[in-house]
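Participant: So that you have it, the file is run-v1.pdb, and it contains PDB, C-alpha atoms:
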ATOM      1  CA  MET A 291     -22.796 -10.242 -20.264
ATOM      2  CA  ALA A 292     -19.500 -11.051 -21.973
ATOM      3  CA  ALA A 293     -17.289 -13.612 -20.269
ATOM      4  CA  LYS A 294     -14.304 -12.135 -18.490
ATOM      5  CA  LYS A 295     -10.889 -12.924 -19.903
ATOM      6  CA  TRP A 296      -9.301 -13.896 -16.590
ATOM      7  CA  ALA A 297     -11.146 -16.432 -14.421
ATOM      8  CA  PHE A 298      -9.473 -18.693 -11.832
ATOM      9  CA  GLU A 299      -8.820 -21.351 -14.493
ATOM     10  CA  ASP A 300      -6.856 -18.934 -16.684
ATOM     11  CA  PHE A 301      -3.989 -18.333 -14.268
ATOM     12  CA  ALA A 302      -1.200 -20.875 -14.822
ATOM     13  CA  GLU A 303       1.404 -21.474 -12.134
ATOM     14  CA  GLY A 304       4.757 -20.081 -13.230
ATOM     15  CA  SER A 305       3.325 -17.925 -15.997
ATOM     16  CA  SER A 306       4.025 -14.187 -16.169
ATOM     17  CA  ILE A 307       1.733 -11.394 -17.349
ATOM     18  CA  ASP A 308       3.009  -8.078 -18.735
ATOM     19  CA  LEU A 309       1.486  -5.184 -16.764
ATOM     20  CA  GLY A 310       2.469  -2.456 -19.221
ATOM     21  CA  SER A 311       4.158   0.781 -18.181
ATOM     22  CA  LYS A 312       3.547   4.198 -16.603
ATOM     23  CA  ASP A 313       5.519   7.441 -16.725
ATOM     24  CA  VAL A 314       5.768   9.032 -13.280
ATOM     25  CA  THR A 315       5.665  12.834 -13.329
ATOM     26  CA  ALA A 316       6.819  15.354 -10.738
ATOM     27  CA  GLN A 317       3.291  16.767 -10.586
ATOM     28  CA  GLU A 318       1.771  13.380  -9.777
ATOM     29  CA  ILE A 319       4.409  12.720  -7.104
ATOM     30  CA  VAL A 320       3.710  16.045  -5.385
ATOM     31  CA  GLU A 321      -0.084  15.697  -5.651
ATOM     32  CA  PHE A 322      -0.108  12.237  -4.081
ATOM     33  CA  ALA A 323       2.342  13.225  -1.358
ATOM     34  CA  SER A 324       0.488  16.450  -0.530
ATOM     35  CA  GLU A 325      -2.589  14.416   0.315
ATOM     36  CA  PHE A 326      -1.152  11.233   1.801
ATOM     37  CA  ASP A 327       2.583  11.422   2.604
ATOM     38  CA  PRO A 328       3.774  15.028   3.000
ATOM     39  CA  GLN A 329       7.405  14.286   3.821
ATOM     40  CA  PRO A 330       9.816  16.816   2.266
ATOM     41  CA  MET A 331      11.548  14.387  -0.160
ATOM     42  CA  HIS A 332       8.169  13.654  -1.765
ATOM     43  CA  LEU A 333       7.181  17.341  -2.078
ATOM     44  CA  ASP A 334      10.282  19.216  -3.163
ATOM     45  CA  GLU A 335      13.079  18.546  -5.652
ATOM     46  CA  ALA A 336      15.783  20.172  -3.499
ATOM     47  CA  ALA A 337      14.709  18.277  -0.379
ATOM     48  CA  GLY A 338      14.705  15.064  -2.408
ATOM     49  CA  ARG A 339      18.205  15.706  -3.708
ATOM     50  CA  ALA A 340      19.401  16.354  -0.147
ATOM     51  CA  SER A 341      17.914  13.034   1.057
ATOM     52  CA  ILE A 342      19.254   9.526   0.584
ATOM     53  CA  LEU A 343      16.690   9.116  -2.222
ATOM     54  CA  GLY A 344      18.639  11.488  -4.487
ATOM     55  CA  GLY A 345      15.749  13.432  -6.041
ATOM     56  CA  LEU A 346      12.031  14.180  -5.935
ATOM     57  CA  SER A 347      10.808  10.684  -5.153
ATOM     58  CA  ALA A 348       7.389   9.057  -5.082
ATOM     59  CA  SER A 349       5.926   7.967  -1.762
ATOM     60  CA  GLY A 350       6.194   4.193  -1.437
ATOM     61  CA  TRP A 351       2.407   4.176  -1.202
ATOM     62  CA  HIS A 352       2.197   6.066  -4.489
ATOM     63  CA  THR A 353       4.289   3.303  -6.070
ATOM     64  CA  CYS A 354       1.815   0.768  -4.650
ATOM     65  CA  ALA A 355      -1.070   2.734  -6.159
ATOM     66  CA  ILE A 356       0.655   2.957  -9.557
ATOM     67  CA  PHE A 357       1.196  -0.803  -9.434
ATOM     68  CA  MET A 358      -2.495  -1.317  -8.648
ATOM     69  CA  ARG A 359      -3.565   0.742 -11.662
ATOM     70  CA  LEU A 360      -1.299  -1.303 -13.925
ATOM     71  CA  LEU A 361      -2.711  -4.549 -12.476
ATOM     72  CA  CYS A 362      -6.289  -3.251 -12.953
ATOM     73  CA  ASP A 363      -5.705  -2.318 -16.589
ATOM     74  CA  ALA A 364      -3.816  -5.504 -17.474
ATOM     75  CA  VAL A 365      -5.842  -8.061 -15.514
ATOM     76  CA  LEU A 366      -8.354  -7.150 -12.829
ATOM     77  CA  LEU A 367     -10.854  -5.047 -14.818
ATOM     78  CA  ASP A 368     -11.327  -7.947 -17.246
ATOM     79  CA  SER A 369     -11.362 -10.678 -14.601
ATOM     80  CA  THR A 370     -13.611 -12.433 -12.113
ATOM     81  CA  SER A 371     -11.650 -10.864  -9.218
ATOM     82  CA  GLN A 372     -13.323 -10.968  -5.836
ATOM     83  CA  GLY A 373     -10.674  -8.849  -4.135
ATOM     84  CA  ALA A 374      -7.852  -9.752  -1.787
ATOM     85  CA  PRO A 375      -7.710 -10.086   1.995
ATOM     86  CA  GLY A 376      -4.368  -8.349   2.223
ATOM     87  CA  VAL A 377      -0.728  -8.281   1.167
ATOM     88  CA  ASP A 378       1.986 -10.708   2.249
ATOM     89  CA  ARG A 379       4.978  -8.526   1.576
ATOM     90  CA  ILE A 380       6.061  -5.265  -0.082
ATOM     91  CA  LYS A 381       9.645  -4.266  -0.831
ATOM     92  CA  TRP A 382      10.561  -0.728  -1.847
ATOM     93  CA  LYS A 383      13.941  -1.560  -3.355
ATOM     94  CA  LYS A 384      15.025   1.658  -5.058
ATOM     95  CA  PRO A 385      13.715   5.224  -5.218
ATOM     96  CA  VAL A 386      11.086   6.045  -7.852
ATOM     97  CA  LEU A 387      12.041   9.495  -9.129
ATOM     98  CA  ALA A 388      10.197  12.109 -11.189
ATOM     99  CA  GLY A 389      10.606  11.226 -14.863
ATOM    100  CA  ASP A 390      10.987   7.491 -14.291
ATOM    101  CA  ARG A 391       9.089   5.068 -16.504
ATOM    102  CA  LEU A 392       7.879   2.038 -14.539
ATOM    103  CA  SER A 393       7.101  -1.291 -16.215
ATOM    104  CA  GLY A 394       5.522  -4.234 -14.444
ATOM    105  CA  THR A 395       5.195  -7.982 -14.532
ATOM    106  CA  MET A 396       3.026 -10.317 -12.469
ATOM    107  CA  THR A 397       3.984 -13.974 -11.993
ATOM    108  CA  VAL A 398       1.602 -16.633 -10.719
ATOM    109  CA  LEU A 399       3.369 -18.412  -7.848
ATOM    110  CA  ALA A 400       0.603 -20.827  -6.859
ATOM    111  CA  LYS A 401      -3.145 -21.406  -7.147
ATOM    112  CA  ARG A 402      -5.688 -23.543  -5.320
ATOM    113  CA  PRO A 403      -9.466 -23.865  -5.061
ATOM    114  CA  SER A 404     -11.019 -22.382  -1.933
ATOM    115  CA  LYS A 405     -12.128 -25.032   0.547
ATOM    116  CA  SER A 406     -14.816 -22.883   2.146
ATOM    117  CA  ARG A 407     -16.171 -21.233  -1.027
ATOM    118  CA  PRO A 408     -16.395 -23.681  -3.940
ATOM    119  CA  ALA A 409     -17.172 -20.949  -6.486
ATOM    120  CA  ILE A 410     -13.787 -19.264  -6.042
ATOM    121  CA  GLY A 411     -10.086 -20.023  -6.131
ATOM    122  CA  LEU A 412      -7.021 -18.366  -4.659
ATOM    123  CA  VAL A 413      -4.148 -17.108  -6.805
ATOM    124  CA  THR A 414      -0.849 -16.180  -5.153
ATOM    125  CA  MET A 415       1.076 -13.617  -7.195
ATOM    126  CA  ARG A 416       4.462 -11.944  -7.127
ATOM    127  CA  SER A 417       4.517  -8.607  -8.923
ATOM    128  CA  GLU A 418       7.506  -6.461  -9.735
ATOM    129  CA  LEU A 419       8.108  -2.979 -11.144
ATOM    130  CA  PHE A 420      11.250  -1.974 -13.060
ATOM    131  CA  ASN A 421      12.486   1.481 -14.021
ATOM    132  CA  GLN A 422      13.700   2.576 -17.474
ATOM    133  CA  ARG A 423      17.176   1.229 -16.680
ATOM    134  CA  GLY A 424      15.765  -2.237 -15.984
ATOM    135  CA  GLU A 425      16.384  -1.935 -12.248
ATOM    136  CA  SER A 426      13.842  -3.637  -9.999
ATOM    137  CA  VAL A 427      12.336  -0.920  -7.783
ATOM    138  CA  PHE A 428       9.327  -2.656  -6.192
ATOM    139  CA  GLU A 429       8.129  -6.142  -5.298
ATOM    140  CA  LEU A 430       4.800  -7.267  -3.897
ATOM    141  CA  GLU A 431       3.379 -10.667  -3.002
ATOM    142  CA  ASN A 432      -0.280 -11.280  -2.300
ATOM    143  CA  THR A 433      -3.146 -13.681  -2.833
ATOM    144  CA  GLY A 434      -6.230 -12.730  -4.796
ATOM    145  CA  MET A 435      -9.620 -14.407  -4.998
ATOM    146  CA  PHE A 436     -11.126 -15.154  -8.428
ATOM    147  CA  MET A 437     -14.403 -16.809  -9.336
ATOM    148  CA  LYS A 438     -14.254 -19.983 -11.345
ATOM    149  CA  ARG A 439     -15.385 -19.572 -14.930
ATOM    150  CA  GLU A 440     -18.542 -21.621 -14.550
ATOM    151  CA  ALA A 441     -19.625 -19.831 -11.377
ATOM    152  CA  ALA A 442     -19.098 -16.438 -13.037
ATOM    153  CA  ALA A 443     -21.063 -17.273 -16.182
TER     154      ALA A 443
ATOM    155  CA  MET B  11      17.043  23.420  13.987
ATOM    156  CA  ALA B  12      14.644  22.243  16.670
ATOM    157  CA  ALA B  13      15.080  18.671  17.886
ATOM    158  CA  LYS B  14      12.502  16.260  16.517
ATOM    159  CA  LYS B  15      10.071  14.801  19.004
ATOM    160  CA  TRP B  16      10.478  11.182  17.872
ATOM    161  CA  ALA B  17      14.024   9.814  17.595
ATOM    162  CA  PHE B  18      14.942   6.118  17.853
ATOM    163  CA  GLU B  19      15.305   6.411  21.651
ATOM    164  CA  ASP B  20      11.740   7.685  22.060
ATOM    165  CA  PHE B  21       9.963   4.543  20.856
ATOM    166  CA  ALA B  22       9.324   2.156  23.767
ATOM    167  CA  GLU B  23       8.570  -1.494  23.113
ATOM    168  CA  GLY B  24       4.921  -2.244  23.896
ATOM    169  CA  SER B  25       3.842   1.392  23.898
ATOM    170  CA  SER B  26       0.998   2.625  21.694
ATOM    171  CA  ILE B  27       0.623   5.968  19.954
ATOM    172  CA  ASP B  28      -2.757   7.474  19.020
ATOM    173  CA  LEU B  29      -2.833   8.270  15.298
ATOM    174  CA  GLY B  30      -5.947  10.442  15.388
ATOM    175  CA  SER B  31      -8.862  10.032  13.002
ATOM    176  CA  LYS B  32     -10.041  10.729   9.448
ATOM    177  CA  ASP B  33     -13.526  10.952   7.927
ATOM    178  CA  VAL B  34     -13.679   9.130   4.586
ATOM    179  CA  THR B  35     -15.956  10.791   2.031
ATOM    180  CA  ALA B  36     -17.583   9.369  -1.092
ATOM    181  CA  GLN B  37     -15.814  12.010  -3.190
ATOM    182  CA  GLU B  38     -12.377  11.000  -1.893
ATOM    183  CA  ILE B  39     -13.121   7.312  -2.484
ATOM    184  CA  VAL B  40     -14.145   7.952  -6.096
ATOM    185  CA  GLU B  41     -11.229  10.317  -6.795
ATOM    186  CA  PHE B  42      -8.618   7.848  -5.527
ATOM    187  CA  ALA B  43     -10.212   4.903  -7.325
ATOM    188  CA  SER B  44     -10.588   6.814 -10.600
ATOM    189  CA  GLU B  45      -6.835   7.297 -10.704
ATOM    190  CA  PHE B  46      -5.511   4.102  -9.148
ATOM    191  CA  ASP B  47      -8.126   1.345  -8.718
ATOM    192  CA  PRO B  48     -11.092   1.838 -11.065
ATOM    193  CA  GLN B  49     -13.074  -1.244 -10.051
ATOM    194  CA  PRO B  50     -16.853  -0.638  -9.987
ATOM    195  CA  MET B  51     -17.341  -1.075  -6.208
ATOM    196  CA  HIS B  52     -14.868   1.791  -5.617
ATOM    197  CA  LEU B  53     -16.517   4.111  -8.176
ATOM    198  CA  ASP B  54     -20.250   3.711  -7.803
ATOM    199  CA  GLU B  55     -22.625   3.393  -4.854
ATOM    200  CA  ALA B  56     -24.978   0.952  -6.626
ATOM    201  CA  ALA B  57     -22.104  -1.266  -7.763
ATOM    202  CA  GLY B  58     -20.730  -1.215  -4.229
ATOM    203  CA  ARG B  59     -24.082  -2.226  -2.755
ATOM    204  CA  ALA B  60     -24.307  -5.090  -5.262
ATOM    205  CA  SER B  61     -20.832  -6.350  -4.260
ATOM    206  CA  ILE B  62     -19.791  -8.300  -1.174
ATOM    207  CA  LEU B  63     -18.491  -4.990   0.243
ATOM    208  CA  GLY B  64     -22.034  -3.678   0.751
ATOM    209  CA  GLY B  65     -21.576  -0.079  -0.370
ATOM    210  CA  LEU B  66     -19.275   2.438  -2.040
ATOM    211  CA  SER B  67     -15.978   1.226  -0.557
ATOM    212  CA  ALA B  68     -12.468   2.609  -0.508
ATOM    213  CA  SER B  69      -9.749   0.823  -2.459
ATOM    214  CA  GLY B  70      -7.532  -1.113  -0.053
ATOM    215  CA  TRP B  71      -4.674   1.042  -1.316
ATOM    216  CA  HIS B  72      -6.642   4.165  -0.425
ATOM    217  CA  THR B  73      -6.940   2.817   3.129
ATOM    218  CA  CYS B  74      -3.154   2.336   3.154
ATOM    219  CA  ALA B  75      -2.684   5.928   2.000
ATOM    220  CA  ILE B  76      -5.094   7.258   4.662
ATOM    221  CA  PHE B  77      -3.143   5.302   7.279
ATOM    222  CA  MET B  78       0.117   6.820   6.006
ATOM    223  CA  ARG B  79      -1.244  10.352   6.340
ATOM    224  CA  LEU B  80      -2.331   9.662   9.924
ATOM    225  CA  LEU B  81       1.138   8.214  10.714
ATOM    226  CA  CYS B  82       2.813  11.252   9.112
ATOM    227  CA  ASP B  83       0.752  13.728  11.121
ATOM    228  CA  ALA B  84       1.060  11.879  14.427
ATOM    229  CA  VAL B  85       4.689  10.734  14.222
ATOM    230  CA  LEU B  86       6.769  10.840  11.060
ATOM    231  CA  LEU B  87       6.724  14.580  10.270
ATOM    232  CA  ASP B  88       8.129  15.326  13.722
ATOM    233  CA  SER B  89      10.612  12.438  13.765
ATOM    234  CA  THR B  90      14.062  11.418  12.610
ATOM    235  CA  SER B  91      12.510   8.910  10.160
ATOM    236  CA  GLN B  92      14.804   7.601   7.436
ATOM    237  CA  GLY B  93      12.055   5.711   5.633
ATOM    238  CA  ALA B  94      11.229   2.032   5.473
ATOM    239  CA  PRO B  95      12.430  -0.752   3.183
ATOM    240  CA  GLY B  96       8.974  -2.232   2.833
ATOM    241  CA  VAL B  97       5.970  -3.732   4.570
ATOM    242  CA  ASP B  98       5.793  -7.117   6.278
ATOM    243  CA  ARG B  99       2.053  -7.614   6.138
ATOM    244  CA  ILE B 100      -1.229  -5.820   5.384
ATOM    245  CA  LYS B 101      -4.697  -7.107   6.262
ATOM    246  CA  TRP B 102      -7.838  -5.523   4.830
ATOM    247  CA  LYS B 103     -10.240  -6.929   7.401
ATOM    248  CA  LYS B 104     -13.518  -5.133   6.714
ATOM    249  CA  PRO B 105     -14.792  -2.748   4.022
ATOM    250  CA  VAL B 106     -14.139   0.977   4.495
ATOM    251  CA  LEU B 107     -17.339   2.665   3.300
ATOM    252  CA  ALA B 108     -18.202   6.250   2.392
ATOM    253  CA  GLY B 109     -19.037   8.116   5.599
ATOM    254  CA  ASP B 110     -16.858   5.966   7.839
ATOM    255  CA  ARG B 111     -14.629   7.632  10.419
ATOM    256  CA  LEU B 112     -11.307   5.805  10.779
ATOM    257  CA  SER B 113      -9.186   6.052  13.935
ATOM    258  CA  GLY B 114      -5.700   4.620  14.255
ATOM    259  CA  THR B 115      -3.181   3.347  16.741
ATOM    260  CA  MET B 116       0.447   2.317  16.285
ATOM    261  CA  THR B 117       2.115  -0.089  18.713
ATOM    262  CA  VAL B 118       5.876  -0.592  18.957
ATOM    263  CA  LEU B 119       6.509  -4.346  18.723
ATOM    264  CA  ALA B 120      10.316  -4.296  18.883
ATOM    265  CA  LYS B 121      13.318  -2.039  18.368
ATOM    266  CA  ARG B 122      17.024  -2.586  17.857
ATOM    267  CA  PRO B 123      20.076  -0.596  16.790
ATOM    268  CA  SER B 124      21.243  -1.139  13.202
ATOM    269  CA  LYS B 125      24.424  -3.221  13.001
ATOM    270  CA  SER B 126      25.536  -1.764   9.679
ATOM    271  CA  ARG B 127      24.577   1.890  10.312
ATOM    272  CA  PRO B 128      25.394   2.972  13.885
ATOM    273  CA  ALA B 129      23.529   6.294  13.515
ATOM    274  CA  ILE B 130      20.147   4.611  13.068
ATOM    275  CA  GLY B 131      17.857   2.096  14.720
ATOM    276  CA  LEU B 132      15.042  -0.094  13.495
ATOM    277  CA  VAL B 133      11.525   0.108  14.936
ATOM    278  CA  THR B 134       9.022  -2.648  14.150
ATOM    279  CA  MET B 135       5.449  -1.393  14.368
ATOM    280  CA  ARG B 136       1.949  -2.818  14.190
ATOM    281  CA  SER B 137      -0.649  -0.283  13.159
ATOM    282  CA  GLU B 138      -4.404  -0.685  13.147
ATOM    283  CA  LEU B 139      -7.394   1.317  11.929
ATOM    284  CA  PHE B 140     -10.876   1.083  13.463
ATOM    285  CA  ASN B 141     -14.182   2.392  12.148
ATOM    286  CA  GLN B 142     -16.749   4.436  14.103
ATOM    287  CA  ARG B 143     -18.236   1.214  15.501
ATOM    288  CA  GLY B 144     -14.871   0.186  16.961
ATOM    289  CA  GLU B 145     -14.413  -2.596  14.399
ATOM    290  CA  SER B 146     -10.854  -3.249  13.284
ATOM    291  CA  VAL B 147     -10.773  -2.708   9.499
ATOM    292  CA  PHE B 148      -7.032  -2.636   8.705
ATOM    293  CA  GLU B 149      -3.749  -3.932  10.111
ATOM    294  CA  LEU B 150      -0.203  -3.303   8.945
ATOM    295  CA  GLU B 151       3.184  -4.423  10.215
ATOM    296  CA  ASN B 152       6.448  -2.912   9.083
ATOM    297  CA  THR B 153       9.867  -1.778  10.220
ATOM    298  CA  GLY B 154      10.965   1.834  10.003
ATOM    299  CA  MET B 155      14.425   3.359  10.281
ATOM    300  CA  PHE B 156      14.969   6.293  12.679
ATOM    301  CA  MET B 157      18.124   8.233  13.464
ATOM    302  CA  LYS B 158      19.363   8.188  17.021
ATOM    303  CA  ARG B 159      18.911  11.466  18.839
ATOM    304  CA  GLU B 160      22.592  12.306  19.043
ATOM    305  CA  ALA B 161      23.208  11.559  15.360
ATOM    306  CA  ALA B 162      20.275  13.757  14.329
ATOM    307  CA  ALA B 163      21.330  16.731  16.465
TER     308      ALA B 163
END
What's the structure tokens form of this structure?
Facilitator:
Amino acid sequence: MAAKKWAFEDFAEGSSIDLGSKDVTAQEIVEFASEFDPQPMHLDEAAGRASILGGLSASGWHTCAIFMRLLCDAVLLDSTSQGAPGVDRIKWKKPVLAGDRLSGTMTVLAKRPSKSRPAIGLVTMRSELFNQRGESVFELENTGMFMKREAAA
Amino acid sequence: MAAKKWAFEDFAEGSSIDLGSKDVTAQEIVEFASEFDPQPMHLDEAAGRASILGGLSASGWHTCAIFMRLLCDAVLLDSTSQGAPGVDRIKWKKPVLAGDRLSGTMTVLAKRPSKSRPAIGLVTMRSELFNQRGESVFELENTGMFMKREAAA
């Protein structure tokens, strides 16, 4: 089995990783909202324009899911990730509207070996999404668990 | 327009609201993960069994989205909700596996009028999902904004 690119050792405190970008379409916004968050401003352009969000806007949870896909493609799918116990903080800072292009970065805030599980380490990350105007729309902080390279080999 | 059931005044500190329940199917788990979190334990029963999760398991973000739908149906769609600026904390406490039935509750931790926007108030909530064995699998804390009844009339 090929070694994964990202093991615990490969995350450097203070370093940032480009998460790539994703175009958000009206159809995707409505599909997600129809299943999980059927509030009018996430389902209908006119209702969105009439709301404080100013247009057909993605559910905040859709933005989280888009972020997760970017993190998977850029890091997690080629990593020794062992999941995460939760999230420390999410900020939905600006609306994500149909037609927006979101770009992400992930910065390593801190890392430490696990005391209880010597094969893994904990990586605390702050991730951020920006729209096509460079405005920060989303921030998330959480701690992920990654196997050490030797343990994963 | 009919008055909404849940305005700021209607949330009582310490009270709990039943969020109903949702059966989580293997097909839904795979569909969500294919789009947003394509890690093997969310896509494939055998990979899930081989992981620490013990079976085909929902993405943590899928669990968040299921929670949001329950909150919409029980409260938000018949409320004066003005959205939420973010989330204070999420805990994924146990795996959510194909075939699980999730049930939710939301408890009002605190409420206060907004200083900057007299028409709205802030409601801090702790929500929790349990599986069919009564085990707590998910916790979330956040603060939502709701219009006061008079302002929404």
Participant: One decimal, Å: what's the distance from CA of Ile319 (chain A) over to CA of Glu45 (chain B), could you say?
Facilitator: 13.0 Å
Participant: Counting all atoms listed in the file, which residues have an atom no more than 12 Å from (6.9, 12.2, 20.9) in the file's coordinates? Please list them as a list in words.
Facilitator: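 Result, sorted by chain then residue number: Ala13, Lys14, Lys15, Trp16, Ala17, Phe18, Glu19, Asp20, Phe21, Ala22, Ser25, Ser26, Ile27, Asp28, Leu29, Asp83, Ala84, Val85, Leu86, Leu87, Asp88, Ser89 and Thr90 of chain B.
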Participant: Between CA of Met415 (chain A) and CA of Val377 (chain A), what distance in Å does the model show, to one decimal?
Facilitator: 10.1 Å
Participant: Under the ChimeraX specification (/A :<7) & /B, which residues of this model are included? Write them out as a list of chain:residue names.
Facilitator: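 What the ChimeraX specification (/A :<7) & /B grabs from the file is B:Phe46, B:Asp47, B:Gln49, B:Trp71, B:Ala75, B:Ile76, B:Met78, B:Arg79, B:Cys82, B:Leu87, B:Pro95, B:Gly96, B:Val97, B:Asp98, B:Arg99, B:Ile100, B:Lys101, B:Trp102, B:Lys103.
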Participant: Closest to Leu53 (chain B) among B:Val34, B:Thr134, B:Thr73, B:Ala108, using all atoms listed in the file?
Facilitator: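 The answer is B:Ala108, which sits nearest to Leu53 (chain B).
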Participant: Quote the spacing between CA of Lys312 (chain A) and CA of Met155 (chain B) in Å to one decimal place.
Facilitator: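 It comes out at 29.0 Å.
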Participant: Measuring atom to atom with all atoms listed in the file, identify which of A:Gly310, A:Phe436, A:Glu303, A:Ser417 is nearest to Val398 (chain A).
Facilitator: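 Closest residue, counting all atoms listed in the file: A:Glu303.
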Participant: For the structure provided, state which residues fall under the PyMOL selection byres ((chain B and resi 129) around 9), and present them as a list in words.
Facilitator: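 Given this file, the PyMOL selection byres ((chain B and resi 129) around 9) evaluates to Pro123, Ser124, Arg127, Pro128, Ile130, Gly131, Phe156, Met157, Lys158, Arg159, Glu160, Ala161 and Ala162 of chain B.
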Participant: Grab all the atoms of region 72-89 of chain B that the file lists, wrap them in a box along x, y and z, add 6 Å per side, and give me centre plus edge lengths in Å (one decimal) as JSON.
Facilitator:
{"center_x": 1.8, "center_y": 8.8, "center_z": 7.0, "size_x": 29.6, "size_y": 25.0, "size_z": 26.9}
Participant: Pick the closest to Asp390 (chain A) from A:Val427, A:Met331, A:Ala340, A:Ala443: which is it, counting only C-alpha atoms?
Facilitator: A:Val427
Participant: Restricting the calculation to only C-alpha atoms: of A:Ala348, A:Asn421, A:Gly338, A:Thr397, which residue gets closest to Thr433 (chain A)?
Facilitator: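 Distance minimum relative to Thr433 (chain A) lands on A:Thr397.
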